[in-house]
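Enquirer: target-v8.cif (mmCIF, C-alpha atoms and all ligand atoms) pasted underneath:
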```
data_coords
loop_
_atom_site.label_atom_id
_atom_site.label_comp_id
_atom_site.auth_asym_id
_atom_site.auth_seq_id
_atom_site.Cartn_x
_atom_site.Cartn_y
_atom_site.Cartn_z
CA MET R 29 -40.21 89.08 -77.97
CA ASN R 30 -36.74 89.90 -76.91
CA GLN R 31 -34.73 90.33 -80.09
CA VAL R 32 -30.97 90.15 -79.80
CA MET R 33 -29.39 92.80 -82.03
CA ALA R 34 -26.08 91.92 -83.67
CA LYS R 35 -23.38 94.20 -82.36
CA THR R 36 -21.69 96.55 -84.81
CA ASN R 37 -18.03 95.72 -85.37
CA LEU R 38 -16.17 99.03 -85.20
CA LYS R 39 -12.93 97.62 -86.63
CA GLY R 40 -13.12 98.51 -90.30
CA LEU R 41 -15.07 101.75 -89.85
CA SER R 42 -13.39 105.08 -90.52
CA PRO R 43 -13.39 107.75 -87.77
CA ASP R 44 -16.19 109.54 -89.67
CA GLU R 45 -18.26 106.36 -89.78
CA ILE R 46 -17.70 105.81 -86.05
CA LYS R 47 -18.89 109.38 -85.52
CA GLU R 48 -22.05 108.70 -87.53
CA PHE R 49 -22.66 105.52 -85.58
CA LEU R 50 -22.42 107.39 -82.28
CA ALA R 51 -24.32 110.54 -83.26
CA PRO R 52 -27.86 109.19 -82.59
CA PHE R 53 -26.80 108.51 -78.99
CA GLY R 54 -25.74 112.10 -78.44
CA VAL R 55 -22.04 111.24 -78.20
CA PRO R 56 -19.86 114.24 -79.17
CA GLY R 57 -17.91 113.85 -82.42
CA TYR R 58 -14.43 114.07 -80.92
CA ARG R 59 -15.01 110.78 -79.09
CA ALA R 60 -14.87 109.00 -82.48
CA GLY R 61 -11.27 110.13 -82.94
CA GLN R 62 -10.39 108.86 -79.47
CA ILE R 63 -12.01 105.51 -80.16
CA ALA R 64 -10.26 105.25 -83.56
CA GLY R 65 -6.97 105.95 -81.78
CA TRP R 66 -7.54 103.03 -79.42
CA ILE R 67 -8.60 100.67 -82.19
CA TYR R 68 -6.19 101.60 -85.01
CA GLY R 69 -3.28 103.00 -83.02
CA ARG R 70 -3.00 100.84 -79.96
CA GLY R 71 -4.82 97.75 -81.15
CA VAL R 72 -7.15 97.78 -78.14
CA SER R 73 -10.34 95.72 -78.47
CA ALA R 74 -11.91 95.99 -75.00
CA PHE R 75 -13.92 99.16 -74.40
CA SER R 76 -13.05 98.86 -70.71
CA GLU R 77 -9.41 99.63 -71.62
CA MET R 78 -10.33 102.88 -73.43
CA THR R 79 -9.59 104.87 -70.33
CA ASN R 80 -10.11 108.38 -71.71
CA LEU R 81 -13.79 107.61 -72.35
CA PRO R 82 -16.35 108.15 -69.59
CA LYS R 83 -17.44 104.95 -67.88
CA THR R 84 -21.06 105.38 -69.05
CA LEU R 85 -19.94 105.57 -72.69
CA ARG R 86 -17.70 102.52 -72.31
CA ASP R 87 -20.63 100.53 -70.89
CA ARG R 88 -22.94 101.75 -73.62
CA LEU R 89 -20.42 100.81 -76.33
CA GLY R 90 -20.11 97.36 -74.82
CA GLU R 91 -23.84 96.85 -75.32
CA MET R 92 -24.04 98.12 -78.89
CA ALA R 93 -20.70 97.45 -80.45
CA GLU R 94 -17.65 95.24 -80.50
CA VAL R 95 -14.10 95.35 -81.85
CA GLN R 96 -13.40 92.01 -83.50
CA SER R 97 -9.84 90.72 -83.50
CA LEU R 98 -7.88 88.02 -85.21
CA GLU R 99 -6.58 85.23 -83.03
CA ALA R 100 -2.94 84.17 -83.50
CA VAL R 101 -3.00 80.37 -83.71
CA GLU R 102 0.55 79.68 -84.76
CA THR R 103 3.84 81.49 -85.29
CA GLN R 104 7.01 80.37 -86.97
CA SER R 105 10.26 82.29 -86.42
CA SER R 106 13.21 82.10 -88.73
CA ASP R 107 16.55 81.59 -86.99
CA ARG R 108 18.25 82.83 -90.13
CA ASP R 109 16.81 86.30 -90.61
CA GLY R 110 14.36 87.11 -87.80
CA THR R 111 11.29 86.77 -90.04
CA VAL R 112 8.18 85.73 -88.13
CA LYS R 113 5.21 84.21 -89.87
CA TYR R 114 1.79 84.34 -88.20
CA LEU R 115 -1.22 82.18 -88.85
CA PHE R 116 -4.36 84.04 -87.75
CA ARG R 117 -7.88 82.73 -87.30
CA CYS R 118 -10.68 85.10 -88.35
CA ALA R 119 -14.18 85.20 -86.91
CA GLY R 120 -15.90 82.25 -88.60
CA GLY R 121 -12.73 80.17 -88.55
CA ALA R 122 -10.92 81.12 -91.79
CA LEU R 123 -7.11 81.02 -91.57
CA VAL R 124 -4.86 83.76 -92.95
CA GLU R 125 -1.13 84.33 -93.00
CA SER R 126 0.92 87.44 -92.33
CA VAL R 127 4.67 87.92 -92.13
CA TRP R 128 6.80 90.24 -90.02
CA LEU R 129 10.03 91.17 -91.79
CA PRO R 130 12.25 93.00 -89.32
CA HIS R 131 14.94 94.38 -91.61
CA GLY R 132 15.42 95.42 -95.19
CA TYR R 133 13.50 98.59 -95.86
CA GLY R 134 12.62 99.07 -92.20
CA ASN R 135 10.13 97.09 -90.19
CA ASN R 136 7.74 95.61 -92.64
CA VAL R 137 4.55 93.56 -92.47
CA CYS R 138 3.22 91.47 -95.33
CA VAL R 139 -0.57 91.10 -95.22
CA SER R 140 -3.09 88.78 -96.86
CA THR R 141 -6.14 90.20 -98.61
CA GLN R 142 -8.20 87.06 -99.26
CA VAL R 143 -8.58 83.61 -97.74
CA GLY R 144 -6.92 81.73 -100.59
CA CYS R 145 -6.88 83.14 -104.11
CA ARG R 146 -8.71 82.60 -107.37
CA MET R 147 -5.95 83.61 -109.79
CA GLY R 148 -4.57 80.10 -110.32
CA CYS R 149 -0.86 80.98 -110.79
CA HIS R 150 0.98 77.72 -111.27
CA PHE R 151 3.84 78.37 -108.85
CA CYS R 152 1.78 79.67 -105.91
CA ALA R 153 0.58 77.73 -102.86
CA SER R 154 -2.18 80.24 -101.96
CA THR R 155 -4.33 79.37 -104.92
CA ILE R 156 -4.30 75.57 -104.68
CA THR R 157 -7.65 75.33 -102.91
CA GLY R 158 -9.20 78.42 -104.52
CA CYS R 159 -10.60 81.48 -102.77
CA GLU R 160 -12.74 80.90 -99.69
CA ARG R 161 -13.68 84.56 -99.22
CA ASP R 162 -12.47 88.14 -99.30
CA LEU R 163 -11.03 89.59 -96.12
CA THR R 164 -12.70 92.69 -94.71
CA ALA R 165 -10.76 95.94 -94.27
CA GLY R 166 -10.88 95.34 -90.51
CA GLU R 167 -9.28 91.92 -90.92
CA ILE R 168 -6.58 93.31 -93.21
CA VAL R 169 -5.66 96.15 -90.81
CA ASP R 170 -5.82 93.82 -87.85
CA GLN R 171 -2.99 91.68 -89.24
CA VAL R 172 -0.73 94.73 -88.85
CA LEU R 173 -2.20 95.67 -85.47
CA GLN R 174 -1.76 92.20 -84.03
CA ILE R 175 1.89 92.11 -85.11
CA SER R 176 2.51 95.69 -84.01
CA ARG R 177 1.15 94.90 -80.52
CA ARG R 178 3.72 92.13 -80.11
CA LEU R 179 6.76 94.30 -80.95
CA PRO R 180 9.18 95.65 -78.35
CA PRO R 181 8.04 99.13 -77.16
CA ASP R 182 10.67 101.01 -79.18
CA GLU R 183 9.75 99.34 -82.46
CA ARG R 184 7.02 100.26 -84.89
CA VAL R 185 5.72 99.03 -88.23
CA ARG R 186 7.03 101.36 -90.93
CA SER R 187 5.79 99.74 -94.07
CA VAL R 188 3.20 97.28 -95.29
CA VAL R 189 3.20 95.13 -98.39
CA PHE R 190 -0.05 93.67 -99.73
CA MET R 191 1.75 90.57 -100.89
CA GLY R 192 0.36 87.77 -98.77
CA MET R 193 -2.43 85.43 -99.75
CA GLY R 194 -4.92 86.69 -102.28
CA GLU R 195 -5.16 89.15 -105.14
CA PRO R 196 -5.63 92.64 -103.66
CA LEU R 197 -7.26 94.06 -106.80
CA ASP R 198 -9.82 91.24 -106.70
CA ASN R 199 -10.93 92.71 -103.32
CA TYR R 200 -10.51 96.33 -104.31
CA ASP R 201 -12.85 98.22 -101.99
CA GLN R 202 -11.76 96.52 -98.77
CA VAL R 203 -8.08 96.83 -99.68
CA VAL R 204 -8.28 100.56 -100.41
CA ARG R 205 -10.28 101.05 -97.23
CA ALA R 206 -7.57 99.16 -95.30
CA MET R 207 -4.89 101.40 -96.84
CA ARG R 208 -6.71 104.51 -95.64
CA LEU R 209 -7.16 103.04 -92.15
CA MET R 210 -3.46 102.16 -91.90
CA HIS R 211 -2.62 105.71 -92.93
CA LEU R 212 -4.69 107.39 -90.15
CA PRO R 213 -2.48 109.69 -88.07
CA GLU R 214 -4.27 108.60 -84.88
CA GLY R 215 -3.73 105.00 -86.02
CA LEU R 216 -0.64 103.26 -87.36
CA GLY R 217 0.36 106.32 -89.40
CA ILE R 218 1.83 104.31 -92.25
CA GLY R 219 2.39 106.66 -95.19
CA TYR R 220 0.98 105.69 -98.59
CA ARG R 221 4.48 105.63 -100.04
CA ASN R 222 5.28 102.94 -97.51
CA GLN R 223 2.35 100.83 -98.63
CA THR R 224 2.99 98.52 -101.55
CA LEU R 225 0.24 96.74 -103.43
CA SER R 226 1.29 93.67 -105.38
CA THR R 227 -0.92 92.43 -108.20
CA SER R 228 -0.91 89.64 -110.72
CA GLY R 229 -1.98 92.29 -113.22
CA ILE R 230 -5.69 93.13 -113.12
CA ILE R 231 -5.73 96.08 -115.50
CA PRO R 232 -9.06 97.72 -114.50
CA GLY R 233 -7.94 97.63 -110.86
CA ILE R 234 -4.63 99.31 -111.71
CA GLU R 235 -6.52 102.03 -113.58
CA ARG R 236 -8.92 102.56 -110.73
CA LEU R 237 -6.08 102.73 -108.22
CA ALA R 238 -4.32 105.38 -110.32
CA GLY R 239 -7.52 107.44 -110.05
CA GLU R 240 -7.56 107.29 -106.22
CA ARG R 241 -4.56 109.62 -106.12
CA LEU R 242 -3.07 107.66 -103.24
CA PRO R 243 0.67 107.52 -103.89
CA VAL R 244 0.94 103.83 -103.00
CA THR R 245 3.70 101.79 -104.58
CA LEU R 246 2.53 99.42 -107.29
CA SER R 247 4.29 96.14 -107.67
CA VAL R 248 3.38 93.86 -110.55
CA SER R 249 4.06 90.15 -110.67
CA LEU R 250 5.51 89.65 -114.15
CA HIS R 251 7.43 86.36 -114.01
CA ALA R 252 7.75 86.10 -117.80
CA PRO R 253 8.82 88.44 -120.63
CA ASN R 254 6.38 87.22 -123.29
CA GLU R 255 2.69 86.38 -123.65
CA GLU R 256 3.14 82.69 -124.28
CA LEU R 257 5.22 81.87 -121.20
CA ARG R 258 3.27 84.26 -118.98
CA THR R 259 -0.04 82.66 -119.95
CA ARG R 260 1.41 79.25 -119.09
CA LEU R 261 2.46 80.43 -115.62
CA MET R 262 -0.37 82.88 -114.91
CA PRO R 263 -3.85 82.25 -116.37
CA VAL R 264 -4.72 85.93 -115.69
CA ASN R 265 -2.55 86.79 -118.71
CA ARG R 266 -5.20 85.44 -121.04
CA ARG R 267 -7.62 88.12 -119.89
CA TYR R 268 -5.09 90.90 -119.31
CA PRO R 269 -2.16 90.30 -121.67
CA LEU R 270 1.35 91.47 -120.86
CA ALA R 271 1.51 94.13 -123.59
CA ARG R 272 -1.62 95.87 -122.30
CA LEU R 273 -0.53 95.36 -118.69
CA LEU R 274 2.75 97.20 -119.29
CA GLU R 275 0.86 100.09 -120.88
CA ALA R 276 -1.44 100.29 -117.85
CA CYS R 277 1.63 100.34 -115.59
CA ASP R 278 3.14 103.18 -117.63
CA ARG R 279 -0.06 105.14 -117.12
CA TYR R 280 0.05 104.38 -113.38
CA ALA R 281 3.65 105.65 -113.22
CA GLU R 282 2.65 108.77 -115.11
CA ALA R 283 -0.42 109.49 -112.97
CA THR R 284 1.33 108.95 -109.63
CA GLY R 285 4.93 109.84 -110.47
CA ARG R 286 5.89 106.55 -108.83
CA ARG R 287 8.18 103.97 -110.36
CA VAL R 288 6.49 100.59 -110.82
CA THR R 289 8.24 97.55 -109.41
CA TYR R 290 8.14 94.34 -111.40
CA GLU R 291 8.50 91.11 -109.52
CA TYR R 292 10.10 88.21 -111.33
CA ILE R 293 10.38 84.95 -109.45
CA LEU R 294 13.07 82.73 -110.90
CA ILE R 295 12.00 79.13 -111.39
CA ARG R 296 14.65 76.65 -112.43
CA GLY R 297 14.36 75.52 -116.03
CA ILE R 298 11.17 77.53 -116.61
CA ASN R 299 11.87 81.27 -116.78
CA ASP R 300 15.51 81.67 -115.70
CA SER R 301 17.55 81.58 -118.93
CA PRO R 302 19.79 84.48 -120.01
CA SER R 303 17.84 84.78 -123.27
CA LEU R 304 14.62 85.40 -121.31
CA ALA R 305 16.53 87.99 -119.25
CA ALA R 306 17.48 89.74 -122.51
CA GLU R 307 13.86 89.62 -123.69
CA LEU R 308 12.71 91.10 -120.37
CA ALA R 309 15.30 93.86 -120.67
CA ARG R 310 14.04 94.73 -124.17
CA ARG R 311 10.49 95.03 -122.88
CA LEU R 312 11.33 97.18 -119.86
CA ARG R 313 14.11 99.41 -121.19
CA GLY R 314 13.01 103.04 -121.20
CA ARG R 315 10.13 102.47 -118.78
CA LEU R 316 9.91 103.91 -115.27
CA ALA R 317 10.53 100.46 -113.83
CA HIS R 318 12.54 98.42 -111.39
CA VAL R 319 12.87 94.64 -111.37
CA ASN R 320 12.89 92.60 -108.19
CA LEU R 321 14.31 89.15 -108.82
CA ILE R 322 13.16 86.53 -106.34
CA PRO R 323 14.51 82.99 -106.36
CA ALA R 324 11.28 80.93 -106.11
CA ASN R 325 10.36 79.39 -102.81
CA PRO R 326 9.95 75.67 -103.33
CA VAL R 327 6.31 74.52 -103.43
CA PRO R 328 6.22 70.75 -103.06
CA GLU R 329 2.76 70.41 -104.67
CA ARG R 330 3.93 72.24 -107.76
CA ARG R 331 7.51 70.99 -108.15
CA ILE R 332 8.80 74.56 -108.11
CA ILE R 333 12.58 74.81 -107.57
CA PRO R 334 14.76 77.96 -107.51
CA PRO R 335 17.84 78.23 -109.75
CA GLY R 336 21.30 78.19 -108.18
CA PRO R 337 23.00 81.47 -107.17
CA ALA R 338 25.11 81.57 -110.36
CA ALA R 339 22.03 81.52 -112.61
CA VAL R 340 20.37 84.22 -110.50
CA GLU R 341 23.46 86.41 -110.83
CA GLU R 342 23.66 85.84 -114.57
CA PHE R 343 20.02 86.88 -115.01
CA ARG R 344 20.61 90.00 -112.91
CA VAL R 345 23.71 91.04 -114.85
CA VAL R 346 21.91 90.79 -118.22
CA LEU R 347 19.24 93.21 -116.95
CA GLU R 348 21.74 95.55 -115.34
CA GLN R 349 23.93 95.74 -118.45
CA SER R 350 20.86 96.64 -120.47
CA GLY R 351 20.22 99.61 -118.18
CA VAL R 352 17.24 98.15 -116.31
CA GLY R 353 17.20 98.80 -112.54
CA VAL R 354 17.33 95.46 -110.78
CA THR R 355 17.78 94.02 -107.31
CA VAL R 356 17.79 90.46 -106.05
CA ARG R 357 15.45 90.16 -103.13
CA ARG R 358 17.07 88.56 -100.15
CA GLU R 359 15.37 85.29 -99.56
CA MET R 360 13.63 85.79 -96.28
CA GLY R 361 11.93 83.09 -94.35
CA ARG R 362 12.95 80.24 -96.61
CA ASP R 363 13.21 78.00 -93.56
CA ILE R 364 9.70 78.86 -92.30
CA ASP R 365 7.29 78.22 -95.19
CA ALA R 366 7.17 81.96 -95.88
CA ALA R 367 6.14 81.73 -99.53
CA CYS R 368 2.57 82.88 -99.55
CA GLY R 369 0.05 80.24 -98.65
CA GLN R 370 2.54 77.68 -97.44
CA LEU R 371 1.92 77.83 -93.70
CA ARG R 372 -1.83 77.66 -94.24
CA ARG R 373 -1.37 74.72 -96.62
CA ARG R 374 0.60 72.89 -93.97
CA ALA R 375 -2.11 73.61 -91.36
CA GLN R 376 -4.75 72.38 -93.85
CA ARG R 377 -2.80 69.18 -94.51
CA GLY R 378 -2.49 68.64 -90.76
CA LYS R 379 1.33 69.20 -91.06
N1 LIG I 1 -1.74 88.26 -105.95
C1 LIG I 1 -0.74 89.27 -105.79
C2 LIG I 1 -0.17 89.35 -104.38
C3 LIG I 1 0.08 88.06 -103.66
S1 LIG I 1 1.37 87.03 -104.28
C4 LIG I 1 0.35 89.08 -106.80
O1 LIG I 1 0.26 88.15 -107.60
O2 LIG I 1 1.25 89.88 -106.86
C5 LIG I 1 2.81 87.89 -103.77
C6 LIG I 1 4.05 87.53 -104.54
O3 LIG I 1 4.51 86.21 -104.18
C7 LIG I 1 3.81 87.52 -106.04
O4 LIG I 1 4.84 88.16 -106.73
C8 LIG I 1 3.81 86.05 -106.33
O5 LIG I 1 4.10 85.81 -107.66
C9 LIG I 1 4.87 85.55 -105.36
N2 LIG I 1 4.92 84.10 -105.21
C10 LIG I 1 3.94 83.20 -105.34
N3 LIG I 1 4.41 81.95 -105.21
C11 LIG I 1 5.73 82.05 -104.98
C12 LIG I 1 6.78 81.12 -104.77
N4 LIG I 1 6.56 79.82 -104.79
N5 LIG I 1 8.02 81.60 -104.57
C13 LIG I 1 8.25 82.95 -104.57
N6 LIG I 1 7.32 83.88 -104.76
C14 LIG I 1 6.06 83.44 -104.97
#
```
Would you mind writing the file out in structure tokens?

Expert:
Amino acid sequence: MNQVMAKTNLKGLSPDEIKEFLAPFGVPGYRAGQIAGWIYGRGVSAFSEMTNLPKTLRDRLGEMAEVQSLEAVETQSSDRDGTVKYLFRCAGGALVESVWLPHGYGNNVCVSTQVGCRMGCHFCASTITGCERDLTAGEIVDQVLQISRRLPPDERVRSVVFMGMGEPLDNYDQVVRAMRLMHLPEGLGIGYRNQTLSTSGIIPGIERLAGERLPVTLSVSLHAPNEELRTRLMPVNRRYPLARLLEACDRYAEATGRRVTYEYILIRGINDSPSLAAELARRLRGRLAHVNLIPANPVPERRIIPPGPAAVEEFRVVLEQSGVGVTVRREMGRDIDAACGQLRRRAQRGK
């Protein structure tokens, strides 16, 4: 019988793993580095385009292996700030979102780590239909590669935030693998300090990440200064309460020497009062911390509305006067459904 062997997808394998894959065929080790350069540096998927490989090897690779790629099915560009949101289709049909943010801290890509999310935060569109599946490391890296490929020749991606759909620490192994692949010098060469992982606060994941000794930036979605309100907004707080979460963040800061960023989305009438700002300041004062205030993106399904600019400013000033480092994140992509999960929701609803 003629059995058809499934081809090995090389996207997601490290250069060492590519080397191991090729070794039984007598391919010299340095070829793995060349192949990794094509895949993770130039975003090339066709072996025929890997022109520094001998033709026989290219043909052989075509028989045994493949380099899977995401397909861009929709883009939305913001006229206001240049943000571009991509909707990608994975092999198997799942849809994921990524965002290209051209300014701010340099060219930045925001990637998704899961198809949907199981955390159930009340203000978030990604979680409304639960988590379909984890993304693979190859699919996470490919979001950056696909965007990078579409940039003008003199532009490159400088930083990546793991802040799209999904909870990165709920897909730990693939996310850390993706971070290492993005860091490869023959690949995108994105330094660990320019990689930010955002979490809803999964304490064992934070502890494990501290042990990796990768100096990635940790960003924690706080959104409330006390247990009661945080549990109402984020069910994860029941399992990993705020008090213990802050201690875990302190240990992360100590182990890595990196300041932890706390995200606080401001939702009108829910968590935006000056007294909550004062409570937040009391909790964070003296910690190696910085607060990022983000006026909430409206989510129609959840009746989430941002406060007006005066209330945002008042909240900021209370923190600042208490000696807590704080910035207000520029609202990017408000006009293009850029809050995580929104473009996919619209595609699911059939617009
Ligand atoms: N699960 C991770 C990363 C994905 S969410 C986390 O929770 O951090 C990325 C950020 O977008 C989080 O800070 C999340 O709270 C925020 N977010 C979710 N819904 C939002 C909305 N409607 N408006 C603004 N930010 C939102």

Enquirer: Could you give me, as a tab-separated table, a per-residue list for chain R showing, wherever an atom lies at most 8 Å from an atom of ligand LIG 1 (chain I), the closest pair of atoms and their distance in Å to one decimal, using all atoms listed in the file and sorting by chain then residue number from low to high?

Expert:
```
residue	atom	partner	partner_atom	distance
R:Ser140	CA	I:LIG1	C3	7.5
R:Cys145	CA	I:LIG1	N1	7.5
R:Met147	CA	I:LIG1	N1	7.4
R:Cys149	CA	I:LIG1	C10	7.6
R:Phe151	CA	I:LIG1	N4	5.1
R:Cys152	CA	I:LIG1	N3	3.6
R:Ala153	CA	I:LIG1	N3	6.2
R:Ser154	CA	I:LIG1	N3	7.5
R:Phe190	CA	I:LIG1	C2	6.3
R:Met191	CA	I:LIG1	C5	4.1
R:Gly192	CA	I:LIG1	C3	4.9
R:Met193	CA	I:LIG1	C3	5.3
R:Gly194	CA	I:LIG1	N1	5.1
R:Glu195	CA	I:LIG1	N1	3.6
R:Pro196	CA	I:LIG1	N1	6.3
R:Leu225	CA	I:LIG1	C2	7.5
R:Ser226	CA	I:LIG1	O2	4.1
R:Thr227	CA	I:LIG1	O2	3.6
R:Ser228	CA	I:LIG1	O1	3.7
R:Gly229	CA	I:LIG1	O1	7.3
R:Ser247	CA	I:LIG1	O2	7.0
R:Val248	CA	I:LIG1	O2	5.8
R:Ser249	CA	I:LIG1	O4	4.5
R:Leu250	CA	I:LIG1	O4	7.6
R:His251	CA	I:LIG1	O5	7.2
R:Glu291	CA	I:LIG1	O4	5.5
R:Tyr292	CA	I:LIG1	O4	7.0
R:Ile293	CA	I:LIG1	C13	5.7
R:Leu294	CA	I:LIG1	C13	8.0
R:Ile322	CA	I:LIG1	C13	6.3
R:Pro323	CA	I:LIG1	C13	6.5
R:Ala324	CA	I:LIG1	N5	3.7
R:Asn325	CA	I:LIG1	N5	3.7
R:Pro326	CA	I:LIG1	N4	5.6
R:Val327	CA	I:LIG1	N4	5.5
R:Ile332	CA	I:LIG1	N4	6.6
R:Ala367	CA	I:LIG1	C12	5.3
R:Cys368	CA	I:LIG1	C10	6.0
```

Enquirer: In Å, how far is it from CA of Leu312 (chain R) to CA of Leu242 (chain R)?

Expert: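 CA of Leu312 (chain R) sits 24.4 Å away from CA of Leu242 (chain R).
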
Enquirer: Got a sec: who's within 6 Å of region 304-311 of chain R, counting only C-alpha atoms, leaving out chain neighbours fewer than 5 positions off, as a PyMOL selection string?

Expert: chain R and resi 253+343+347

Enquirer: Using only C-alpha atoms, which of R:Asp278, R:Glu48, R:Glu99, R:Glu329 sits nearest Ala238 (chain R)?

Expert: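 Closest to Ala238 (chain R), using only C-alpha atoms: R:Asp278.
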
Enquirer: Please identify every residue of region 56-116 of chain R that has at least one atom no farther than 8 Å from an atom of region 158-179 of chain R, counting all atoms listed in the file, and for each give the shortest atom pair and the distance in Å to one decimal, arranged by chain then increasing number, as a tab-separated table.

Expert:
```
residue	atom	partner	partner_atom	distance
R:Tyr68	CA	R:Leu173	CA	7.2
R:Gly69	CA	R:Leu173	CA	7.8
R:Arg70	CA	R:Arg177	CA	7.3
R:Gly71	CA	R:Leu173	CA	5.5
R:Ser97	CA	R:Asp170	CA	6.7
R:Leu98	CA	R:Asp170	CA	6.7
R:Phe116	CA	R:Gln171	CA	7.9
```

Enquirer: Could you turn the residues from that selection into a file that holds C-alpha atoms, as a PDB file, keeping the file's coordinate frame?

Expert:
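The resulting file, part-v3.pdb, is reproduced below:
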```pdb
ATOM      1  CA  TYR R  68      -6.190 101.600 -85.010  1.00  0.00           C
ATOM      2  CA  GLY R  69      -3.280 103.000 -83.020  1.00  0.00           C
ATOM      3  CA  ARG R  70      -3.000 100.840 -79.960  1.00  0.00           C
ATOM      4  CA  GLY R  71      -4.820  97.750 -81.150  1.00  0.00           C
ATOM      5  CA  SER R  97      -9.840  90.720 -83.500  1.00  0.00           C
ATOM      6  CA  LEU R  98      -7.880  88.020 -85.210  1.00  0.00           C
ATOM      7  CA  PHE R 116      -4.360  84.040 -87.750  1.00  0.00           C
TER       8      PHE R 116
END
```

Enquirer: Write out as a PyMOL selection string the residues lying within 12 Å of Arg315 (chain R), counting only C-alpha atoms and excluding same-chain residues fewer than 5 positions away.

Expert: chain R and resi 274-282+286-290+308-310+351-353

Enquirer: Quick one: of R:Ser42, R:Thr79, R:Ser73, R:Ser105, who's nearest to Gly61 (chain R), counting only C-alpha atoms?

Expert: R:Ser42

Enquirer: I want to know what sits within 8 Å of Gln104 (chain R), based on all atoms listed in the file, with residues of the same chain fewer than 2 positions away left out; could you give that as a PyMOL selection string?

Expert: chain R and resi 102+106+112-114+364

Enquirer: Between CA of Asp198 (chain R) and CA of Ala252 (chain R), what is the distance in Å, rounded to a tenth?

Expert: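 Answer for the CA of Asp198 (chain R) to CA of Ala252 (chain R) separation: 21.4 Å.
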
Enquirer: Which one of R:Ile333, R:Leu273, R:Ala100, R:Gly65 sits closest to Gly217 (chain R) if you count all atoms listed in the file?

Expert: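 For Gly217 (chain R), the nearest of the candidates is R:Gly65.
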
Enquirer: Since the input is missing atoms for region 194-205 of chain R, could you rebuild it with N, CA, C and O atoms and give the result as a PDB file, keeping the file's coordinate frame?

Expert:
```pdb
ATOM      1  N   GLY R 194      -3.836  85.986-101.621  1.00  0.00           N
ATOM      2  CA  GLY R 194      -4.920  86.690-102.280  1.00  0.00           C
ATOM      3  C   GLY R 194      -4.469  87.676-103.327  1.00  0.00           C
ATOM      4  O   GLY R 194      -3.279  88.015-103.416  1.00  0.00           O
ATOM      5  N   GLU R 195      -5.412  88.134-104.119  1.00  0.00           N
ATOM      6  CA  GLU R 195      -5.160  89.150-105.140  1.00  0.00           C
ATOM      7  C   GLU R 195      -5.841  90.432-104.679  1.00  0.00           C
ATOM      8  O   GLU R 195      -7.070  90.538-104.705  1.00  0.00           O
ATOM      9  N   PRO R 196      -5.039  91.427-104.243  1.00  0.00           N
ATOM     10  CA  PRO R 196      -5.630  92.640-103.660  1.00  0.00           C
ATOM     11  C   PRO R 196      -6.625  93.336-104.593  1.00  0.00           C
ATOM     12  O   PRO R 196      -7.633  93.866-104.127  1.00  0.00           O
ATOM     13  N   LEU R 197      -6.352  93.338-105.891  1.00  0.00           N
ATOM     14  CA  LEU R 197      -7.260  94.060-106.800  1.00  0.00           C
ATOM     15  C   LEU R 197      -8.515  93.258-107.117  1.00  0.00           C
ATOM     16  O   LEU R 197      -9.414  93.746-107.785  1.00  0.00           O
ATOM     17  N   ASP R 198      -8.594  92.030-106.609  1.00  0.00           N
ATOM     18  CA  ASP R 198      -9.820  91.240-106.700  1.00  0.00           C
ATOM     19  C   ASP R 198     -10.688  91.489-105.446  1.00  0.00           C
ATOM     20  O   ASP R 198     -11.754  90.899-105.282  1.00  0.00           O
ATOM     21  N   ASN R 199     -10.190  92.339-104.546  1.00  0.00           N
ATOM     22  CA  ASN R 199     -10.930  92.710-103.320  1.00  0.00           C
ATOM     23  C   ASN R 199     -10.707  94.202-103.109  1.00  0.00           C
ATOM     24  O   ASN R 199     -10.323  94.672-102.046  1.00  0.00           O
ATOM     25  N   TYR R 200     -10.950  94.938-104.191  1.00  0.00           N
ATOM     26  CA  TYR R 200     -10.510  96.330-104.310  1.00  0.00           C
ATOM     27  C   TYR R 200     -10.988  97.229-103.165  1.00  0.00           C
ATOM     28  O   TYR R 200     -10.194  97.901-102.507  1.00  0.00           O
ATOM     29  N   ASP R 201     -12.309  97.241-102.939  1.00  0.00           N
ATOM     30  CA  ASP R 201     -12.850  98.220-101.990  1.00  0.00           C
ATOM     31  C   ASP R 201     -12.308  98.029-100.575  1.00  0.00           C
ATOM     32  O   ASP R 201     -11.960  98.994 -99.897  1.00  0.00           O
ATOM     33  N   GLN R 202     -12.249  96.777-100.134  1.00  0.00           N
ATOM     34  CA  GLN R 202     -11.760  96.520 -98.770  1.00  0.00           C
ATOM     35  C   GLN R 202     -10.271  96.816 -98.654  1.00  0.00           C
ATOM     36  O   GLN R 202      -9.804  97.285 -97.619  1.00  0.00           O
ATOM     37  N   VAL R 203      -9.525  96.563 -99.715  1.00  0.00           N
ATOM     38  CA  VAL R 203      -8.080  96.830 -99.680  1.00  0.00           C
ATOM     39  C   VAL R 203      -7.809  98.331 -99.613  1.00  0.00           C
ATOM     40  O   VAL R 203      -7.003  98.799 -98.799  1.00  0.00           O
ATOM     41  N   VAL R 204      -8.511  99.108-100.435  1.00  0.00           N
ATOM     42  CA  VAL R 204      -8.280 100.560-100.410  1.00  0.00           C
ATOM     43  C   VAL R 204      -8.733 101.149 -99.074  1.00  0.00           C
ATOM     44  O   VAL R 204      -8.077 102.015 -98.495  1.00  0.00           O
ATOM     45  N   ARG R 205      -9.832 100.625 -98.558  1.00  0.00           N
ATOM     46  CA  ARG R 205     -10.280 101.050 -97.230  1.00  0.00           C
ATOM     47  C   ARG R 205      -9.211 100.741 -96.184  1.00  0.00           C
ATOM     48  O   ARG R 205      -8.889 101.571 -95.329  1.00  0.00           O
TER      49      ARG R 205
END
```
